[in-house]
Structure formats: C-alpha cells, structure tokens
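Take a look at the structure set out below.
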Amino acid sequence: MAQDRRNIILETIAQLLPDPVFIFDSEGRYIDVLGGAERRLYDNGRFLIGRTMDQVLPKAIAERFLHAVHQAIASGTLQIFEYELGPEDISGGASDGPGVRQWFEGRVAPLELPDYDKPCAVWLAINVTKRKIAEHQLETIARTDSLTGILNRGAFLDTLRTEMSRVKRYAQPASLAILDIDRFKNVNDTWGHAVGDAVIIEVVRRAADGVRETDVVGRIGGEEFGILFPGVSCERAADALERIRIGIAQTPMPTEAGEVPVTVSAGVTEIIPSDKDVSEPLKRADSALYAAKNEGRNQIRRN
C-alpha cells in the first residue's frame, strides 16, 4: 500500500511538471517520460517510452543526444547543452504541442535505477525558445543600422574579415566597394534631415536591388556604404556598381518634399590574399572613391 501511494504521488507530481523529464538507458532507450504538461511548450512524449533515440530522431541528432547520455554516465557529472528540435524531427507520434521548432536546454545527469541492468541517465528539457528569440533580436539590433536595416559598420567589417579569410584560404576572388552619395550635405541643407534620411533609405534600396543576394551591403558612415562582392572580380563588381550608379542618376529619389535628384560615386578594389587586415582593402577602395569624387563625381573608379 505504501508503494502504491508513493507511485500515485510521483505520478501526480509528474503530471504537474511543466518541463519534461526523460529517463534513458545507456543504449538511448526511453525508459520513462514524466512531466511536460505545458502544451504551449511541449508535446506529449509518452509515446516514446520503449523506443530508442535512433528510432525516433534523425541520425545526427540521435548521435549527439546519445553522446550526452554517455558523457553523463561516464563522468558522473551533469551535462548541460542547448539544442533545437521541431515536430519534423520526431517520428512515430502526432504533435499536440506548439507544432513549430523550439529551442531547449538539456540537463543530463547519471541515474541509478534499482533492478535495471543498464546504466541510466535523467534528462530535464527546458524550453528556452523565448530567450533564444530575445538573444537573436538583440544580436540583430546590435548588428543593424537603425535607419536602413542593413548591416552597421561593425557588422560589415566583421563580414569583410570573414571574406578576407576565405580569399586567403581558397584563393577565390572577392571585391570591396565604397559607395558615397554625392553632395549629400546639400540635400540636408536644402530639404532637411527627414528628406536626407529618405534619400539614404532609397539609395540603399536601389543598391541592394542592384546586387546579388550573396553580396553584402552595409552602412559604414553617414552617407557612405560598403558593398562586398564575394567571388567577384573587381571588373565585374565595377560593372554592377555602374548599373546602380546609372539607375540612381536617371531616377530622382521620391520624398515627402517631392523628387530629389541624387548621384553617387564609388570606388572598388579586389581583395587580395596578402591583405593583412580590413584597413588595406578599405584604404584602396577609399582611394578609388576619392579619385571618383575628384574627377567630377557620379562615376565609378577601380583601384
């Protein structure tokens, strides 16, 4: 009777647990599934009992999870890691939970089960999706220019560093351009900063429309923008910039004050394996931009 009462109490507690608790043996078999009562966050995992990880999960995920179980058992210590799962990753049971991919923190510890002939582990899964979304939003904010929505200077330079590493490792071409709005101060002085902001936004839109999805546009100064062309020679990048330049020059910017005529100039350089840091291609592109400005603006120059 005492054991029956204990089992009833444990079952009641398990039903009240918002987060699921999985009991695994060393072969990755689900011995028991407790808790996970919060259906906004978790599916009912009771159908998993008796099955093994490799029967219900993709191979790569099953191997990672089984490794965590083995680590906990072998070391006798708590293992903590994060992972992402969606309904499409779990076979053999209908989703009755959130129905979308979720992030979890797994806490795995060794567990001794009387009368069970294999080492076991207990796994607490905590839904951390809200935190991951918040972290992603904060990271996006930290990397994004608030006016235009493109990369800010710091994020663009990080991307440039990554591309420079690829150039050095794989000897593949890549080009860097700096594009600047000609006489932008006159725009602000004549029509005001609100119109100036509208001009910046429209120039960015047209520049982004004029390059490939794999190219990267970032705001590196007030009216100055960097464009990274992975896998593209300086000549081909200059051709793309020329198309952007012509499109901007031929069609004035729509603003609340009416159409505002604008031109742009750009300097472009090819990233080379001997470049030691971002300052070197930036300096060459900036020198080419200076030449374009000095020679009358509204043009593209290579360096």
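Chain labels follow the order of the structure tokens: the first chain is A, the next B, and so on; residue numbering restarts at 1 in every chain, and ligands are counted from 1 in their shown order.
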
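By chain and then residue number, the residues within 10 Å of Val260 of chain A are A:Val187, A:Trp191, A:Val195, A:Gly196, A:Ala198, A:Val199, A:Thr251, A:Pro252, A:Met253, A:Pro254, A:Thr255, A:Glu256, A:Ala257, A:Gly258, A:Val262, counting only C-alpha atoms and disregarding those fewer than 2 positions away in sequence.
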
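The neighbours of Val268 of chain A here are the residues that come within 7 Å of it, using only C-alpha atoms and leaving out any residue fewer than 6 positions away in the same chain; they are A:Ser175, A:Leu176, A:Ala177, A:Ile178, A:Cys234, A:Ala238, A:Ala285, A:Ala288, A:Arg301, A:Arg302, A:Asn303.
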
Residues as selected, N, CA, C and O atoms, written as a compact mmCIF listing (two decimals), in the first residue's frame, can you do that?
# COMPACT_ATOMS: atom_id res chain seq x y z
N SER A 175 35.56 41.29 -54.04
CA SER A 175 35.80 42.72 -54.21
C SER A 175 35.05 43.52 -53.16
O SER A 175 34.00 43.10 -52.66
N LEU A 176 35.61 44.67 -52.87
CA LEU A 176 35.03 45.59 -51.89
C LEU A 176 34.83 46.95 -52.54
O LEU A 176 35.74 47.47 -53.19
N ALA A 177 33.65 47.50 -52.35
CA ALA A 177 33.36 48.84 -52.88
C ALA A 177 32.91 49.75 -51.75
O ALA A 177 32.30 49.31 -50.77
N ILE A 178 33.23 51.03 -51.89
CA ILE A 178 32.68 52.06 -51.02
C ILE A 178 31.89 53.01 -51.91
O ILE A 178 32.43 53.58 -52.86
N CYS A 234 37.17 42.53 -59.54
CA CYS A 234 36.99 43.97 -59.45
C CYS A 234 36.25 44.50 -60.69
O CYS A 234 35.38 45.38 -60.58
N ALA A 238 32.69 46.41 -60.60
CA ALA A 238 32.56 47.77 -61.16
C ALA A 238 31.38 47.84 -62.14
O ALA A 238 30.68 48.86 -62.18
N ALA A 285 39.87 51.00 -51.63
CA ALA A 285 38.54 51.38 -52.11
C ALA A 285 38.27 52.85 -51.84
O ALA A 285 37.69 53.56 -52.68
N ALA A 288 40.08 54.92 -54.38
CA ALA A 288 39.37 54.93 -55.66
C ALA A 288 38.15 55.84 -55.58
O ALA A 288 37.83 56.56 -56.55
N ARG A 301 35.29 54.27 -59.93
CA ARG A 301 36.71 54.12 -60.18
C ARG A 301 37.22 52.84 -59.49
O ARG A 301 36.75 52.47 -58.42
N ARG A 302 38.19 52.19 -60.15
CA ARG A 302 38.79 50.97 -59.61
C ARG A 302 40.19 51.24 -59.12
O ARG A 302 40.87 52.13 -59.61
N ASN A 303 40.60 50.44 -58.16
CA ASN A 303 41.98 50.56 -57.64
C ASN A 303 42.49 49.15 -57.34
O ASN A 303 42.03 48.52 -56.43

Any chance you could list, as a PDB file with N, CA and C atoms, in the first residue's frame, the residues in segment 151-283 of chain A that come up strand (DSSP E or B) when DSSP is run on the backbone?
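So the final result, stored in selection-v8.pdb, reads:
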ATOM      1  N   LEU A 151      23.438  46.077 -42.532  1.00  0.00           N
ATOM      2  CA  LEU A 151      24.480  45.933 -41.526  1.00  0.00           C
ATOM      3  C   LEU A 151      25.069  47.290 -41.146  1.00  0.00           C
ATOM      4  N   ALA A 174      37.235  38.214 -54.626  1.00  0.00           N
ATOM      5  CA  ALA A 174      36.210  38.977 -53.902  1.00  0.00           C
ATOM      6  C   ALA A 174      36.565  40.439 -54.042  1.00  0.00           C
ATOM      7  N   SER A 175      35.558  41.289 -54.040  1.00  0.00           N
ATOM      8  CA  SER A 175      35.798  42.723 -54.214  1.00  0.00           C
ATOM      9  C   SER A 175      35.053  43.522 -53.164  1.00  0.00           C
ATOM     10  N   LEU A 176      35.613  44.669 -52.870  1.00  0.00           N
ATOM     11  CA  LEU A 176      35.029  45.590 -51.890  1.00  0.00           C
ATOM     12  C   LEU A 176      34.828  46.952 -52.540  1.00  0.00           C
ATOM     13  N   ALA A 177      33.651  47.503 -52.351  1.00  0.00           N
ATOM     14  CA  ALA A 177      33.356  48.836 -52.878  1.00  0.00           C
ATOM     15  C   ALA A 177      32.908  49.754 -51.746  1.00  0.00           C
ATOM     16  N   ILE A 178      33.229  51.025 -51.890  1.00  0.00           N
ATOM     17  CA  ILE A 178      32.678  52.065 -51.018  1.00  0.00           C
ATOM     18  C   ILE A 178      31.890  53.014 -51.907  1.00  0.00           C
ATOM     19  N   LEU A 179      30.612  53.145 -51.617  1.00  0.00           N
ATOM     20  CA  LEU A 179      29.699  53.990 -52.397  1.00  0.00           C
ATOM     21  C   LEU A 179      29.280  55.171 -51.540  1.00  0.00           C
ATOM     22  N   ASP A 180      29.292  56.348 -52.122  1.00  0.00           N
ATOM     23  CA  ASP A 180      29.002  57.573 -51.370  1.00  0.00           C
ATOM     24  C   ASP A 180      28.001  58.433 -52.136  1.00  0.00           C
ATOM     25  N   ILE A 181      27.063  59.039 -51.427  1.00  0.00           N
ATOM     26  CA  ILE A 181      26.084  59.945 -52.045  1.00  0.00           C
ATOM     27  C   ILE A 181      26.761  61.290 -52.287  1.00  0.00           C
ATOM     28  N   VAL A 216      26.870  41.740 -49.985  1.00  0.00           N
ATOM     29  CA  VAL A 216      26.553  42.315 -48.674  1.00  0.00           C
ATOM     30  C   VAL A 216      26.674  43.828 -48.730  1.00  0.00           C
ATOM     31  N   VAL A 217      25.630  44.512 -48.283  1.00  0.00           N
ATOM     32  CA  VAL A 217      25.626  45.974 -48.232  1.00  0.00           C
ATOM     33  C   VAL A 217      25.596  46.417 -46.773  1.00  0.00           C
ATOM     34  N   GLY A 218      26.465  47.339 -46.405  1.00  0.00           N
ATOM     35  CA  GLY A 218      26.494  47.840 -45.035  1.00  0.00           C
ATOM     36  C   GLY A 218      26.700  49.337 -45.012  1.00  0.00           C
ATOM     37  N   ARG A 219      26.219  49.971 -43.974  1.00  0.00           N
ATOM     38  CA  ARG A 219      26.397  51.418 -43.808  1.00  0.00           C
ATOM     39  C   ARG A 219      27.641  51.644 -42.964  1.00  0.00           C
ATOM     40  N   GLU A 224      27.791  56.967 -46.492  1.00  0.00           N
ATOM     41  CA  GLU A 224      28.801  56.118 -47.120  1.00  0.00           C
ATOM     42  C   GLU A 224      28.469  54.651 -46.839  1.00  0.00           C
ATOM     43  N   PHE A 225      28.555  53.852 -47.876  1.00  0.00           N
ATOM     44  CA  PHE A 225      28.133  52.446 -47.764  1.00  0.00           C
ATOM     45  C   PHE A 225      29.204  51.515 -48.333  1.00  0.00           C
ATOM     46  N   GLY A 226      29.360  50.388 -47.690  1.00  0.00           N
ATOM     47  CA  GLY A 226      30.261  49.371 -48.186  1.00  0.00           C
ATOM     48  C   GLY A 226      29.469  48.290 -48.892  1.00  0.00           C
ATOM     49  N   ILE A 227      30.007  47.772 -49.984  1.00  0.00           N
ATOM     50  CA  ILE A 227      29.388  46.647 -50.684  1.00  0.00           C
ATOM     51  C   ILE A 227      30.455  45.575 -50.878  1.00  0.00           C
ATOM     52  N   LEU A 228      30.175  44.397 -50.405  1.00  0.00           N
ATOM     53  CA  LEU A 228      31.103  43.278 -50.512  1.00  0.00           C
ATOM     54  C   LEU A 228      30.593  42.321 -51.575  1.00  0.00           C
ATOM     55  N   PHE A 229      31.473  41.972 -52.507  1.00  0.00           N
ATOM     56  CA  PHE A 229      31.116  41.093 -53.624  1.00  0.00           C
ATOM     57  C   PHE A 229      31.907  39.781 -53.525  1.00  0.00           C
ATOM     58  N   PRO A 230      31.440  38.788 -52.802  1.00  0.00           N
ATOM     59  CA  PRO A 230      32.178  37.519 -52.728  1.00  0.00           C
ATOM     60  C   PRO A 230      32.215  36.815 -54.089  1.00  0.00           C
ATOM     61  N   MET A 253      15.020  60.652 -56.336  1.00  0.00           N
ATOM     62  CA  MET A 253      14.533  59.981 -55.131  1.00  0.00           C
ATOM     63  C   MET A 253      13.158  60.514 -54.730  1.00  0.00           C
ATOM     64  N   PRO A 254      12.166  59.647 -54.558  1.00  0.00           N
ATOM     65  CA  PRO A 254      10.857  60.111 -54.086  1.00  0.00           C
ATOM     66  C   PRO A 254      10.908  60.428 -52.587  1.00  0.00           C
ATOM     67  N   THR A 255      10.504  61.624 -52.200  1.00  0.00           N
ATOM     68  CA  THR A 255      10.492  62.022 -50.791  1.00  0.00           C
ATOM     69  C   THR A 255       9.231  62.827 -50.516  1.00  0.00           C
ATOM     70  N   GLY A 258       8.961  65.933 -52.461  1.00  0.00           N
ATOM     71  CA  GLY A 258       8.980  65.776 -53.903  1.00  0.00           C
ATOM     72  C   GLY A 258      10.197  64.979 -54.337  1.00  0.00           C
ATOM     73  N   GLU A 259      10.430  64.927 -55.630  1.00  0.00           N
ATOM     74  CA  GLU A 259      11.545  64.168 -56.162  1.00  0.00           C
ATOM     75  C   GLU A 259      12.856  64.941 -55.995  1.00  0.00           C
ATOM     76  N   VAL A 260      13.843  64.256 -55.448  1.00  0.00           N
ATOM     77  CA  VAL A 260      15.142  64.875 -55.181  1.00  0.00           C
ATOM     78  C   VAL A 260      16.188  64.200 -56.070  1.00  0.00           C
ATOM     79  N   VAL A 264      25.609  59.230 -57.181  1.00  0.00           N
ATOM     80  CA  VAL A 264      26.524  58.551 -56.271  1.00  0.00           C
ATOM     81  C   VAL A 264      27.851  58.319 -56.978  1.00  0.00           C
ATOM     82  N   SER A 265      28.900  58.207 -56.177  1.00  0.00           N
ATOM     83  CA  SER A 265      30.215  57.819 -56.671  1.00  0.00           C
ATOM     84  C   SER A 265      30.664  56.591 -55.880  1.00  0.00           C
ATOM     85  N   ALA A 266      31.539  55.795 -56.483  1.00  0.00           N
ATOM     86  CA  ALA A 266      32.011  54.602 -55.794  1.00  0.00           C
ATOM     87  C   ALA A 266      33.431  54.277 -56.201  1.00  0.00           C
ATOM     88  N   GLY A 267      34.158  53.719 -55.241  1.00  0.00           N
ATOM     89  CA  GLY A 267      35.481  53.172 -55.509  1.00  0.00           C
ATOM     90  C   GLY A 267      35.464  51.692 -55.182  1.00  0.00           C
ATOM     91  N   VAL A 268      36.123  50.893 -56.006  1.00  0.00           N
ATOM     92  CA  VAL A 268      36.087  49.446 -55.807  1.00  0.00           C
ATOM     93  C   VAL A 268      37.487  48.876 -55.964  1.00  0.00           C
ATOM     94  N   THR A 269      37.782  47.863 -55.176  1.00  0.00           N
ATOM     95  CA  THR A 269      39.074  47.191 -55.225  1.00  0.00           C
ATOM     96  C   THR A 269      38.871  45.699 -55.046  1.00  0.00           C
ATOM     97  N   GLU A 270      39.821  44.929 -55.513  1.00  0.00           N
ATOM     98  CA  GLU A 270      39.744  43.477 -55.310  1.00  0.00           C
ATOM     99  C   GLU A 270      40.518  43.120 -54.046  1.00  0.00           C
TER     100      GLU A 270
END

What's the 10 Å shell around Arg40 of chain A, counting only C-alpha atoms, without same-chain residues fewer than 5 positions away, as a JSON list (two decimals) with N, CA, C and O atoms, in the first residue's frame?
[["chain", "number", "residue", "atom", "x", "y", "z"],
["A", 18, "PRO", "N", 5.91, 21.32, -15.49],
["A", 18, "PRO", "CA", 5.77, 21.99, -16.79],
["A", 18, "PRO", "C", 6.80, 21.49, -17.80],
["A", 18, "PRO", "O", 6.53, 21.44, -19.00],
["A", 96, "ASP", "N", 1.11, 17.40, -30.50],
["A", 96, "ASP", "CA", -0.01, 18.03, -29.81],
["A", 96, "ASP", "C", 0.46, 19.23, -29.00],
["A", 96, "ASP", "O", -0.24, 19.72, -28.13],
["A", 97, "GLY", "N", 1.70, 19.67, -29.31],
["A", 97, "GLY", "CA", 2.28, 20.81, -28.60],
["A", 97, "GLY", "C", 2.29, 22.04, -29.49],
["A", 97, "GLY", "O", 1.35, 22.28, -30.25],
["A", 98, "PRO", "N", 3.36, 22.82, -29.45],
["A", 98, "PRO", "CA", 3.40, 24.08, -30.20],
["A", 98, "PRO", "C", 3.42, 23.90, -31.72],
["A", 98, "PRO", "O", 3.04, 24.80, -32.45],
["A", 99, "GLY", "N", 3.89, 22.76, -32.19],
["A", 99, "GLY", "CA", 3.85, 22.49, -33.62],
["A", 99, "GLY", "C", 4.89, 23.22, -34.44],
["A", 99, "GLY", "O", 4.83, 23.21, -35.67]]

Write out as JSON lines a residue-level contact list of segment 108-184 of chain A versus segment 204-214 of chain A with cut-off 10 Å: for each qualifying residue the closest pair of atoms and the distance in Å to one decimal, counting only C-alpha atoms, rows sorted by chain and residue number upward.
{"residue": "A:Thr148", "atom": "CA", "partner": "A:Val204", "partner_atom": "CA", "distance": 7.1}
{"residue": "A:Gly149", "atom": "CA", "partner": "A:Val204", "partner_atom": "CA", "distance": 9.3}
{"residue": "A:Ile150", "atom": "CA", "partner": "A:Val204", "partner_atom": "CA", "distance": 8.2}
{"residue": "A:Leu179", "atom": "CA", "partner": "A:Ala207", "partner_atom": "CA", "distance": 9.2}

Please produce a file of the residues just selected, as a PDB file, in the first residue's frame, where the atoms kept are N, CA, C and O atoms.
ATOM      1  N   THR A 148      18.396  52.182 -41.990  1.00  0.00           N
ATOM      2  CA  THR A 148      18.261  51.480 -43.267  1.00  0.00           C
ATOM      3  C   THR A 148      17.953  49.994 -43.144  1.00  0.00           C
ATOM      4  O   THR A 148      17.492  49.376 -44.094  1.00  0.00           O
ATOM      5  N   GLY A 149      18.250  49.413 -41.985  1.00  0.00           N
ATOM      6  CA  GLY A 149      18.025  47.975 -41.807  1.00  0.00           C
ATOM      7  C   GLY A 149      19.135  47.100 -42.350  1.00  0.00           C
ATOM      8  O   GLY A 149      19.059  45.872 -42.247  1.00  0.00           O
ATOM      9  N   ILE A 150      20.185  47.705 -42.926  1.00  0.00           N
ATOM     10  CA  ILE A 150      21.317  46.909 -43.394  1.00  0.00           C
ATOM     11  C   ILE A 150      22.353  46.800 -42.280  1.00  0.00           C
ATOM     12  O   ILE A 150      22.174  47.347 -41.192  1.00  0.00           O
ATOM     13  N   LEU A 179      30.612  53.145 -51.617  1.00  0.00           N
ATOM     14  CA  LEU A 179      29.699  53.990 -52.397  1.00  0.00           C
ATOM     15  C   LEU A 179      29.280  55.171 -51.540  1.00  0.00           C
ATOM     16  O   LEU A 179      28.922  54.990 -50.360  1.00  0.00           O
TER      17      LEU A 179
END

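For the residues A:Asp277, A:Ile200, A:Arg46, A:Phe104, ranking by smallest atom-to-atom distance to Lys168 of chain A using only C-alpha atoms places A:Asp277 first.
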
What's around segment 48-64 of chain A at 12 Å? Count only C-alpha atoms, leave out sequence neighbours fewer than 6 positions away in its own chain, and write the answer as a ChimeraX atom specification.
/A:21-34,70-71,81-94,106

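With atom CA of Ala121 of chain A on one side and atom CA of Trp103 of chain A on the other, the separation reads 20.9 Å.
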
List as an MDAnalysis selection string the protein and nucleic acid residues near Ile80 of chain A, meaning an atom at most 8 Å away when only C-alpha atoms are counted, but skip any in the same chain fewer than 3 places from it.
chainID A and resid 105:108

Restrict the selected residues to N, CA, C and O atoms and save them as a PDB file, in the first residue's frame.
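Below is the file that was written, out-v1.pdb:
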ATOM      1  N   GLU A 105      17.111  23.706 -23.415  1.00  0.00           N
ATOM      2  CA  GLU A 105      18.326  23.457 -22.646  1.00  0.00           C
ATOM      3  C   GLU A 105      18.196  22.069 -22.049  1.00  0.00           C
ATOM      4  O   GLU A 105      17.248  21.785 -21.312  1.00  0.00           O
ATOM      5  N   GLY A 106      19.110  21.186 -22.400  1.00  0.00           N
ATOM      6  CA  GLY A 106      19.095  19.837 -21.864  1.00  0.00           C
ATOM      7  C   GLY A 106      20.027  19.732 -20.671  1.00  0.00           C
ATOM      8  O   GLY A 106      21.177  20.175 -20.737  1.00  0.00           O
ATOM      9  N   ARG A 107      19.524  19.165 -19.590  1.00  0.00           N
ATOM     10  CA  ARG A 107      20.338  18.922 -18.390  1.00  0.00           C
ATOM     11  C   ARG A 107      20.319  17.422 -18.132  1.00  0.00           C
ATOM     12  O   ARG A 107      19.274  16.853 -17.799  1.00  0.00           O
ATOM     13  N   VAL A 108      21.469  16.803 -18.307  1.00  0.00           N
ATOM     14  CA  VAL A 108      21.558  15.347 -18.282  1.00  0.00           C
ATOM     15  C   VAL A 108      22.466  14.921 -17.136  1.00  0.00           C
ATOM     16  O   VAL A 108      23.609  15.393 -17.031  1.00  0.00           O
TER      17      VAL A 108
END

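Secondary structure by DSSP on the backbone puts the following residues of segment 9-115 of chain A in alpha helix (DSSP H): Ile9, Leu10, Glu11, Thr12, Ile13, Ala14, Gln15, Leu16, Met53, Asp54, Gln55, Val56, Lys59, Ala60, Ile61, Ala62, Glu63, Arg64, Phe65, Leu66, His67, Ala68, Val69, His70, Gln71, Ala72, Ile73, Ala74 and Ser75 of chain A.
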
Would you work out the distance separating atom CA of Ser233 of chain A from atom CA of Gly296 of chain A, expressed in Å to one decimal?
25.1 Å
